[in-house]
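Engineer: For reference, the file upload-v2.txt (compact mmCIF, C-alpha atoms) is included below:
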# COMPACT_ATOMS: atom_id res chain seq x y z
CA MET A 186 0.00 0.00 0.00
CA VAL A 187 1.43 3.38 -1.03
CA GLY A 188 1.53 5.88 1.84
CA LYS A 189 0.67 9.55 1.77
CA THR A 190 2.77 11.91 -0.31
CA ALA A 191 4.45 14.81 1.45
CA LEU A 192 6.39 17.73 -0.01
CA ILE A 193 8.94 19.46 2.21
CA THR A 194 10.41 22.79 1.18
CA GLY A 195 13.67 23.61 2.93
CA VAL A 196 14.37 19.88 3.14
CA THR A 197 18.16 20.38 3.39
CA GLY A 198 17.85 22.32 6.65
CA GLN A 199 17.81 21.12 10.24
CA ASP A 200 14.01 20.84 10.48
CA GLY A 201 13.65 19.38 7.01
CA SER A 202 16.08 16.61 7.88
CA TYR A 203 14.28 15.52 11.03
CA LEU A 204 10.87 15.84 9.38
CA ALA A 205 11.91 13.70 6.40
CA ASP A 206 13.13 11.01 8.79
CA LEU A 207 9.88 11.12 10.76
CA LEU A 208 7.62 10.94 7.70
CA LEU A 209 9.56 8.06 6.16
CA GLU A 210 9.21 6.12 9.40
CA LYS A 211 5.44 6.74 9.23
CA GLY A 212 5.21 5.31 5.71
CA TYR A 213 5.10 8.51 3.65
CA GLN A 214 6.50 8.99 0.18
CA VAL A 215 8.66 12.07 0.78
CA HIS A 216 9.63 14.71 -1.78
CA GLY A 217 11.95 17.60 -1.02
CA LEU A 218 12.36 20.93 -2.79
CA VAL A 219 16.00 21.96 -3.11
CA ARG A 220 17.25 25.27 -4.49
CA SER A 221 19.65 25.09 -7.41
CA GLY A 222 23.18 25.28 -6.01
CA SER A 223 22.02 24.36 -2.50
CA ARG A 224 24.10 21.94 -0.46
CA ALA A 225 22.15 18.74 -1.11
CA SER A 226 24.76 16.14 -0.21
CA SER A 227 24.96 16.45 3.57
CA ALA A 228 25.57 13.40 5.74
CA TRP A 229 21.98 13.33 6.94
CA LEU A 230 20.69 13.26 3.34
CA GLU A 231 22.79 10.24 2.57
CA GLU A 232 21.49 8.53 5.70
CA THR A 233 17.91 9.40 4.79
CA LYS A 234 18.34 8.04 1.29
CA ALA A 235 19.66 4.79 2.73
CA THR A 236 16.77 4.61 5.18
CA SER A 237 14.18 5.20 2.46
CA ALA A 238 15.72 2.46 0.31
CA LYS A 239 15.70 0.03 3.24
CA LEU A 240 12.04 0.81 4.00
CA GLY A 241 11.03 0.76 0.35
CA ARG A 242 9.87 4.40 0.54
CA VAL A 243 10.23 7.19 -1.97
CA PHE A 244 12.62 9.96 -0.97
CA GLN A 245 13.12 12.20 -3.98
CA LEU A 246 14.67 15.65 -4.30
CA HIS A 247 13.39 18.21 -6.81
CA THR A 248 15.33 21.29 -7.86
CA GLY A 249 13.22 24.42 -7.57
CA ASP A 250 12.55 27.65 -5.75
CA ILE A 251 9.47 29.03 -4.00
CA GLY A 252 10.06 32.23 -5.95
CA ASP A 253 9.40 30.38 -9.24
CA TRP A 254 5.64 30.26 -9.76
CA GLN A 255 5.65 28.19 -12.93
CA GLY A 256 8.07 25.62 -11.55
CA LEU A 257 6.03 25.26 -8.37
CA ASP A 258 2.81 24.88 -10.30
CA ARG A 259 4.29 22.06 -12.42
CA LEU A 260 5.56 20.28 -9.31
CA PHE A 261 2.22 20.48 -7.52
CA ARG A 262 0.35 19.19 -10.57
CA GLU A 263 2.82 16.31 -10.84
CA LEU A 264 2.92 15.29 -7.18
CA ARG A 265 -0.56 16.30 -5.97
CA PRO A 266 0.81 16.06 -2.41
CA ASP A 267 -1.38 15.12 0.52
CA GLU A 268 0.65 17.35 2.81
CA VAL A 269 3.03 20.27 2.29
CA TYR A 270 5.43 21.46 4.97
CA ASN A 271 6.87 24.86 4.13
CA LEU A 272 10.20 25.11 5.94
CA ALA A 273 11.94 27.18 3.26
CA ALA A 274 13.10 30.54 4.59
CA GLN A 275 15.90 33.01 4.97
CA SER A 276 15.98 31.97 8.62
CA GLN A 277 19.04 33.86 9.86
CA VAL A 278 17.37 36.88 11.41
CA GLY A 279 20.51 39.01 11.36
CA GLU A 280 21.04 38.46 7.64
CA THR A 281 17.59 39.85 6.81
CA PHE A 282 18.72 43.30 7.91
CA LYS A 283 21.34 43.13 5.14
CA SER A 284 19.01 41.79 2.42
CA PRO A 285 15.43 42.69 3.41
CA ILE A 286 13.89 42.61 -0.08
CA ALA A 287 15.19 39.15 -0.93
CA SER A 288 14.14 37.93 2.50
CA VAL A 289 10.56 39.15 2.04
CA GLU A 290 10.38 37.39 -1.33
CA VAL A 291 11.18 34.07 0.32
CA ASP A 292 9.66 34.38 3.80
CA GLY A 293 6.56 36.29 2.75
CA THR A 294 5.34 36.08 -0.84
CA GLY A 295 6.91 32.66 -1.33
CA VAL A 296 4.25 31.31 1.02
CA LEU A 297 1.50 32.90 -1.07
CA ARG A 298 2.77 31.11 -4.18
CA LEU A 299 2.56 27.74 -2.44
CA LEU A 300 -0.98 28.41 -1.25
CA GLU A 301 -2.04 29.48 -4.73
CA CYS A 302 -0.65 26.24 -6.18
CA ILE A 303 -3.00 24.34 -3.88
CA ARG A 304 -6.01 26.58 -4.52
CA LEU A 305 -5.74 26.95 -8.29
CA ASN A 306 -5.13 23.22 -8.83
CA LYS A 307 -8.12 22.42 -6.58
CA LEU A 308 -6.04 20.13 -4.38
CA GLU A 309 -7.05 18.75 -0.99
CA THR A 310 -3.51 19.32 0.26
CA ARG A 311 -2.97 20.10 3.91
CA PHE A 312 -0.50 22.93 4.46
CA TYR A 313 1.91 23.61 7.32
CA GLN A 314 3.68 26.94 7.58
CA ALA A 315 6.77 27.28 9.77
CA SER A 316 6.01 30.53 11.52
CA SER A 317 8.22 32.08 14.19
CA ALA A 318 8.25 33.40 17.74
CA GLU A 319 10.04 36.42 16.26
CA LEU A 320 6.51 37.65 15.43
CA PHE A 321 6.16 38.65 19.09
CA GLY A 322 9.30 40.80 18.88
CA LYS A 323 9.02 43.52 21.52
CA VAL A 324 6.86 41.31 23.66
CA ARG A 325 3.82 42.79 25.42
CA GLU A 326 3.20 39.85 27.72
CA SER A 327 4.97 36.74 28.87
CA PRO A 328 4.73 33.88 28.28
CA GLN A 329 3.50 34.27 24.70
CA ASN A 330 0.59 32.22 23.38
CA GLU A 331 -1.67 32.20 20.30
CA THR A 332 -3.52 35.37 21.41
CA THR A 333 -0.46 37.47 22.36
CA PRO A 334 -0.24 40.63 20.18
CA PHE A 335 2.52 40.63 17.56
CA HIS A 336 5.22 43.31 17.38
CA PRO A 337 7.89 42.14 14.90
CA CYS A 338 11.23 43.94 15.03
CA SER A 339 13.23 42.59 12.07
CA PRO A 340 12.66 42.22 8.30
CA TYR A 341 12.51 38.47 8.93
CA ALA A 342 9.73 38.81 11.48
CA VAL A 343 7.73 41.27 9.35
CA ALA A 344 7.87 38.87 6.39
CA LYS A 345 6.84 35.99 8.63
CA LEU A 346 3.93 38.08 9.88
CA TYR A 347 2.65 38.49 6.32
CA ALA A 348 3.00 34.72 5.84
CA PHE A 349 1.10 34.05 9.08
CA TRP A 350 -1.86 36.15 8.02
CA ILE A 351 -2.00 34.91 4.44
CA VAL A 352 -2.14 31.32 5.73
CA LYS A 353 -4.95 32.32 8.09
CA HIS A 354 -6.76 34.04 5.21
CA TYR A 355 -6.59 30.95 2.98
CA ARG A 356 -7.86 28.80 5.84
CA GLU A 357 -10.79 31.09 6.62
CA GLY A 358 -11.47 32.39 3.12
CA TYR A 359 -11.13 29.18 1.09
CA GLY A 360 -11.67 26.49 3.71
CA MET A 361 -8.13 25.21 3.26
CA HIS A 362 -6.57 22.91 5.86
CA ALA A 363 -3.70 25.25 6.67
CA GLY A 364 -1.96 26.19 9.88
CA ASN A 365 0.94 28.12 11.34
CA GLY A 366 3.33 26.52 13.79
CA ILE A 367 4.65 29.47 15.81
CA LEU A 368 8.07 27.99 16.41
CA PHE A 369 10.21 29.12 19.29
CA ASN A 370 13.94 28.45 19.11
CA HIS A 371 14.85 24.84 18.44
CA GLU A 372 18.29 23.40 17.99
CA SER A 373 20.12 20.11 17.45
CA PRO A 374 23.52 18.77 16.38
CA ARG A 375 22.26 19.38 12.81
CA ARG A 376 21.85 23.13 13.36
CA GLY A 377 23.60 25.35 10.81
CA GLU A 378 27.01 26.63 11.88
CA ASN A 379 25.97 30.28 11.49
CA PHE A 380 23.26 30.11 14.19
CA VAL A 381 24.36 31.31 17.62
CA THR A 382 23.89 28.02 19.51
CA ARG A 383 25.86 26.02 16.98
CA LYS A 384 28.44 28.79 16.73
CA ILE A 385 28.91 28.41 20.48
CA THR A 386 29.32 24.63 20.56
CA LEU A 387 31.47 24.45 17.45
CA SER A 388 33.73 27.30 18.61
CA LEU A 389 34.15 25.79 22.07
CA ALA A 390 35.11 22.47 20.50
CA ARG A 391 37.68 24.26 18.35
CA ILE A 392 39.04 26.22 21.34
CA ARG A 393 39.24 22.97 23.34
CA THR A 394 41.44 21.40 20.63
CA GLY A 395 43.57 24.52 20.01
CA LEU A 396 42.09 25.36 16.60
CA GLN A 397 40.57 28.69 17.70
CA GLU A 398 41.54 31.36 20.23
CA THR A 399 38.25 32.90 21.42
CA LEU A 400 34.51 32.97 20.77
CA ARG A 401 33.12 36.41 19.90
CA LEU A 402 29.41 37.09 20.44
CA GLY A 403 26.88 39.93 20.63
CA ASN A 404 24.03 40.19 23.14
CA ILE A 405 24.56 37.25 25.48
CA ASP A 406 21.68 38.31 27.75
CA ALA A 407 19.03 37.75 25.09
CA ARG A 408 16.60 35.18 26.48
CA ARG A 409 15.09 32.37 24.41
CA ASP A 410 12.88 29.30 24.75
CA TRP A 411 15.05 26.47 23.35
CA GLY A 412 13.81 23.01 22.37
CA HIS A 413 15.02 20.12 20.21
CA ALA A 414 14.17 20.14 16.50
CA ALA A 415 13.15 16.46 16.53
CA ASP A 416 10.45 17.26 19.09
CA PHE A 417 9.23 20.21 17.07
CA VAL A 418 8.82 18.34 13.77
CA GLU A 419 6.59 15.83 15.54
CA MET A 420 4.33 18.77 16.36
CA MET A 421 4.30 19.79 12.68
CA TRP A 422 3.03 16.36 11.71
CA LEU A 423 0.42 16.31 14.49
CA MET A 424 -1.00 19.63 13.30
CA LEU A 425 -1.79 18.22 9.85
CA GLN A 426 -3.48 15.12 11.29
CA GLN A 427 -6.26 17.18 12.90
CA PRO A 428 -9.74 17.53 11.33
CA THR A 429 -9.16 21.23 10.66
CA GLY A 430 -6.17 23.53 10.40
CA ASP A 431 -5.21 25.89 13.21
CA ASP A 432 -2.31 27.87 14.63
CA TYR A 433 -0.20 26.57 17.52
CA VAL A 434 2.69 27.85 19.61
CA THR A 435 5.49 25.26 19.58
CA ALA A 436 7.71 25.79 22.61
CA THR A 437 9.04 24.20 25.79
CA GLY A 438 7.73 26.78 28.26
CA GLU A 439 11.23 27.30 29.68
CA SER A 440 13.47 30.30 29.04
CA HIS A 441 17.27 30.61 29.16
CA THR A 442 19.77 33.30 28.20
CA VAL A 443 22.56 32.94 25.65
CA ARG A 444 24.87 33.34 28.65
CA GLU A 445 23.32 30.24 30.26
CA PHE A 446 23.77 28.31 27.00
CA ILE A 447 27.44 29.33 26.96
CA GLU A 448 27.95 28.27 30.57
CA ALA A 449 26.30 24.88 30.08
CA ALA A 450 28.15 24.15 26.82
CA SER A 451 31.46 25.29 28.34
CA ALA A 452 31.03 22.89 31.25
CA PHE A 453 30.48 19.97 28.87
CA ALA A 454 33.58 21.09 26.94
CA GLY A 455 35.70 21.10 30.09
CA PHE A 456 35.75 24.86 30.78
CA GLU A 457 34.58 26.70 33.90
CA ILE A 458 33.58 30.19 32.77
CA VAL A 459 34.02 33.17 35.11
CA TRP A 460 32.62 36.50 33.90
CA GLU A 461 34.67 39.69 34.27
CA GLY A 462 33.91 43.31 33.31
CA LYS A 463 30.72 44.88 32.00
CA GLY A 464 29.12 45.77 28.67
CA LEU A 465 31.39 45.55 25.66
CA GLU A 466 34.36 45.02 27.99
CA GLU A 467 32.93 41.85 29.51
CA VAL A 468 34.84 38.61 28.95
CA GLY A 469 34.37 34.99 29.95
CA ARG A 470 37.54 33.49 31.37
CA ASP A 471 38.26 29.81 32.04
CA ARG A 472 38.93 29.56 35.77
CA LYS A 473 41.36 26.64 35.42
CA SER A 474 43.61 27.98 32.66
CA GLY A 475 43.04 31.71 33.08
CA LYS A 476 42.45 31.96 29.32
CA VAL A 477 39.84 34.36 27.91
CA VAL A 478 37.37 32.15 26.06
CA ILE A 479 34.42 34.55 25.41
CA GLU A 480 34.58 38.14 24.14
CA ILE A 481 31.80 40.62 23.31
CA ASP A 482 31.85 42.09 19.80
CA PRO A 483 29.46 44.94 18.88
CA GLN A 484 29.31 43.81 15.23
CA PHE A 485 27.08 40.92 16.32
CA TYR A 486 24.43 43.15 17.88
CA ARG A 487 21.25 43.59 15.79
CA PRO A 488 19.64 47.01 15.10
CA SER A 489 16.63 45.72 17.08
CA GLU A 490 16.02 42.42 18.80
CA ALA A 491 13.37 40.41 20.59
CA ALA A 492 15.02 40.30 24.00
CA PHE A 493 12.74 37.92 25.89
CA LEU A 494 10.87 35.05 24.26
CA LEU A 495 9.04 32.42 26.31
CA GLY A 496 6.33 30.25 24.76
CA ASP A 497 3.18 28.83 26.29
CA PRO A 498 2.46 25.48 24.56
CA ALA A 499 -0.72 24.79 26.58
CA LYS A 500 -2.97 24.70 23.49
CA ALA A 501 -0.74 22.14 21.75
CA LYS A 502 -0.59 20.00 24.86
CA ALA A 503 -4.36 20.09 25.37
CA ARG A 504 -5.50 19.58 21.76
CA LEU A 505 -2.66 17.57 20.22
CA GLY A 506 -1.27 15.75 23.23
CA TRP A 507 2.17 17.08 22.36
CA GLU A 508 4.95 17.34 24.95
CA PRO A 509 8.60 18.26 24.29
CA LYS A 510 10.86 15.42 25.40
CA VAL A 511 14.38 16.91 25.38
CA LYS A 512 15.29 19.26 28.24
CA PHE A 513 17.56 22.30 27.86
CA VAL A 514 20.63 20.81 29.54
CA ASP A 515 20.33 17.59 27.51
CA LEU A 516 20.00 19.60 24.28
CA VAL A 517 23.19 21.54 25.06
CA ARG A 518 25.01 18.33 25.96
CA MET A 519 23.97 16.61 22.70
CA MET A 520 25.18 19.57 20.64
CA MET A 521 28.44 19.98 22.54
CA GLU A 522 29.30 16.28 22.43
CA ALA A 523 28.52 16.09 18.70
CA ASP A 524 30.84 19.01 17.90
CA LEU A 525 33.61 17.68 20.14
CA ALA A 526 33.36 14.39 18.24
CA ARG A 527 33.50 16.23 14.90
CA ILE A 528 36.52 18.35 15.83
CA SER A 529 38.57 15.90 17.92
CA PRO A 530 41.37 14.23 15.98
CA LYS A 531 40.40 10.76 14.80
CA THR A 532 42.51 8.01 16.34
Using structure tokens, write down the structure that the file contains.
Structural biologist:
Amino acid sequence: MVGKTALITGVTGQDGSYLADLLLEKGYQVHGLVRSGSRASSAWLEETKATSAKLGRVFQLHTGDIGDWQGLDRLFRELRPDEVYNLAAQSQVGETFKSPIASVEVDGTGVLRLLECIRLNKLETRFYQASSAELFGKVRESPQNETTPFHPCSPYAVAKLYAFWIVKHYREGYGMHAGNGILFNHESPRRGENFVTRKITLSLARIRTGLQETLRLGNIDARRDWGHAADFVEMMWLMLQQPTGDDYVTATGESHTVREFIEAASAFAGFEIVWEGKGLEEVGRDRKSGKVVIEIDPQFYRPSEAAFLLGDPAKAKARLGWEPKVKFVDLVRMMMEADLARISPKT
């Protein structure tokens, strides 16, 4: 019996990798949209291809772009997917300040193109949109839930806000099964190296082995709600199994600062960080060696930033039965151990 067909945009990213694995295990035929020139030969992709072959499932990559209307339309008519998970995005918030127009094309109007492919082809496709806690921006209440007012404070968040409302419009206006997963921060050993959590663990591993001198960061007192990506993709799937589409906060309900992440990761890497100084002059020094490990660099500060994000996943827990499994300290340990294993000389 052939399983459901799912299309994942952004399949080469962290979330796309875990979601593809999950759907294959559940018997889906999985298709992934990959941008031309994108890195589509990562270790996880090779593992996923092997898994799909072993299970007798389809795992097929298609070259395309959510900015290409005609290409998307052809793909939708060919696949007629049962479910679409839109994970494609310019997801590095800081980068969207440098290229706001291109970011809006992907994170905003790219979502509209996908929805139109479903509507115009009269498909019964269920649609998941990876929304973001960055919508809350300059938060007006804490914790944040599905009724908290939005106040985005980056080009990324503004584009995601457009995407949120266009998904809601297609659900209410056309009766489409479509929903937004308002994703708080989620990490894993598969996180991209240019995201702050992975930058921390990878840099500490390099410092530990003498390949790097110091780790330079911006606002280390920014507070985030961090979960594991594998937990979050399970929530994505659960959302599309419901009778109707809806919007759900996806979070752990716990908040930690970047400073806390640094301290936890440092401990797993064998450092004991002691903080000295204030503001831009603050440093993190390893108590045992006396070496400065962490430095503050103003170039990594954003023009504006959501300083305190804490999600309330009560709706998801009540309606979907979803609970995050991986705790903060275990997440940091997994990431730190994975990067130490990557960097340590092979013997």
Engineer: Mind checking which residues fall within 12 Å of range 318-320 of chain A, counting only C-alpha atoms, ignoring those fewer than 2 positions away in the same chain, and posting them as a PyMOL selection string?
Structural biologist: chain A and resi 276-279+315-316+322-325+328-350+365-371+409-411+433-436+489-498
Engineer: Kindly give the distance, in Å, that separates CA of Gly455 in chain A and CA of Asn404 in chain A, rounded to a single decimal.
Structural biologist: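 Separation of CA of Gly455 in chain A and CA of Asn404 in chain A: 23.4 Å.
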Engineer: To one decimal place in Å, what is the distance between CA of Gly195 in chain A and CA of Leu272 in chain A?
Structural biologist: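 Going from CA of Gly195 in chain A over to CA of Leu272 in chain A covers 4.8 Å.
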Engineer: Please indicate the distance in Å from CA of His362 in chain A to CA of Gln314 in chain A, rounded to one decimal place.
Structural biologist: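 Taking CA of His362 in chain A as the start and CA of Gln314 in chain A as the end point, the length is 11.1 Å.
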Engineer: Could you check the closest approach to Leu208 in chain A for each of A:Val477, A:Ile385, A:Leu423, A:Val468 and tell me which residue wins, using all atoms listed in the file?
Structural biologist: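 Smallest distance to Leu208 in chain A is found for A:Leu423.
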Engineer: Here is a test: counting only C-alpha atoms, which residue of A:Lys211, A:Lys234, A:Lys510, A:His216 is nearest to Phe417 in chain A?
Structural biologist: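 Checking each candidate against Phe417 in chain A, we get A:Lys510 as the closest.
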Engineer: So that I can see what lies close to Glu372 in chain A, please list as a count of residues only the residues with an atom at most 8 Å from it, counting only C-alpha atoms and leaving out residues fewer than 6 positions away in the same chain.
Structural biologist: 6
Engineer: Between A:Arg220, A:Arg376, A:Arg527, A:His247, which has the minimum distance to Glu263 in chain A (counting only C-alpha atoms)?
Structural biologist: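 Once distances to Glu263 in chain A are computed over only C-alpha atoms, the minimum belongs to A:His247.
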Engineer: Considering all atoms listed in the file, can you say which of A:Tyr355, A:Tyr486, A:Phe446, A:Phe261 comes closest to Phe513 in chain A?
Structural biologist: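 Using all atoms listed in the file, Phe513 in chain A sits closest to A:Phe446.
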Engineer: Which one of A:Leu218, A:Gly188, A:Gly506, A:Cys302 sits closest to Arg259 in chain A if you count only C-alpha atoms?
Structural biologist: A:Cys302
Engineer: Using all atoms listed in the file, pick whichever of A:Ala407, A:Pro509, A:Ala415, A:Val478 has the shortest atom-to-atom distance to Arg375 in chain A.
Structural biologist: A:Ala415
Engineer: Give me the residues near Arg356 in chain A as an mmCIF file with C-alpha atoms, keeping the file's coordinate frame, where near means some atom within 12 Å (using all atoms listed in the file) and where sequence neighbours in that chain fewer than 6 positions away do not count.
Structural biologist:
data_model
loop_
_atom_site.group_PDB
_atom_site.id
_atom_site.type_symbol
_atom_site.label_atom_id
_atom_site.label_comp_id
_atom_site.auth_asym_id
_atom_site.auth_seq_id
_atom_site.Cartn_x
_atom_site.Cartn_y
_atom_site.Cartn_z
ATOM 1 C CA LEU A 300 -0.980 28.410 -1.250
ATOM 2 C CA ILE A 303 -3.000 24.340 -3.880
ATOM 3 C CA ARG A 304 -6.010 26.580 -4.520
ATOM 4 C CA THR A 310 -3.510 19.320 0.260
ATOM 5 C CA ARG A 311 -2.970 20.100 3.910
ATOM 6 C CA PHE A 312 -0.500 22.930 4.460
ATOM 7 C CA TYR A 313 1.910 23.610 7.320
ATOM 8 C CA GLN A 314 3.680 26.940 7.580
ATOM 9 C CA PHE A 349 1.100 34.050 9.080
ATOM 10 C CA TRP A 350 -1.860 36.150 8.020
ATOM 11 C CA HIS A 362 -6.570 22.910 5.860
ATOM 12 C CA ALA A 363 -3.700 25.250 6.670
ATOM 13 C CA GLY A 364 -1.960 26.190 9.880
ATOM 14 C CA ASN A 365 0.940 28.120 11.340
ATOM 15 C CA THR A 429 -9.160 21.230 10.660
ATOM 16 C CA GLY A 430 -6.170 23.530 10.400
ATOM 17 C CA ASP A 431 -5.210 25.890 13.210
ATOM 18 C CA ASP A 432 -2.310 27.870 14.630
#
Engineer: What's around Gln245 in chain A at 12 Å? Count all atoms listed in the file, leave out sequence neighbours fewer than 2 positions away in its own chain, and write the answer as a PyMOL selection string.
Structural biologist: chain A and resi 190-193+196+205+209+213-219+225+230-231+233-235+237-238+242-243+247-248+264
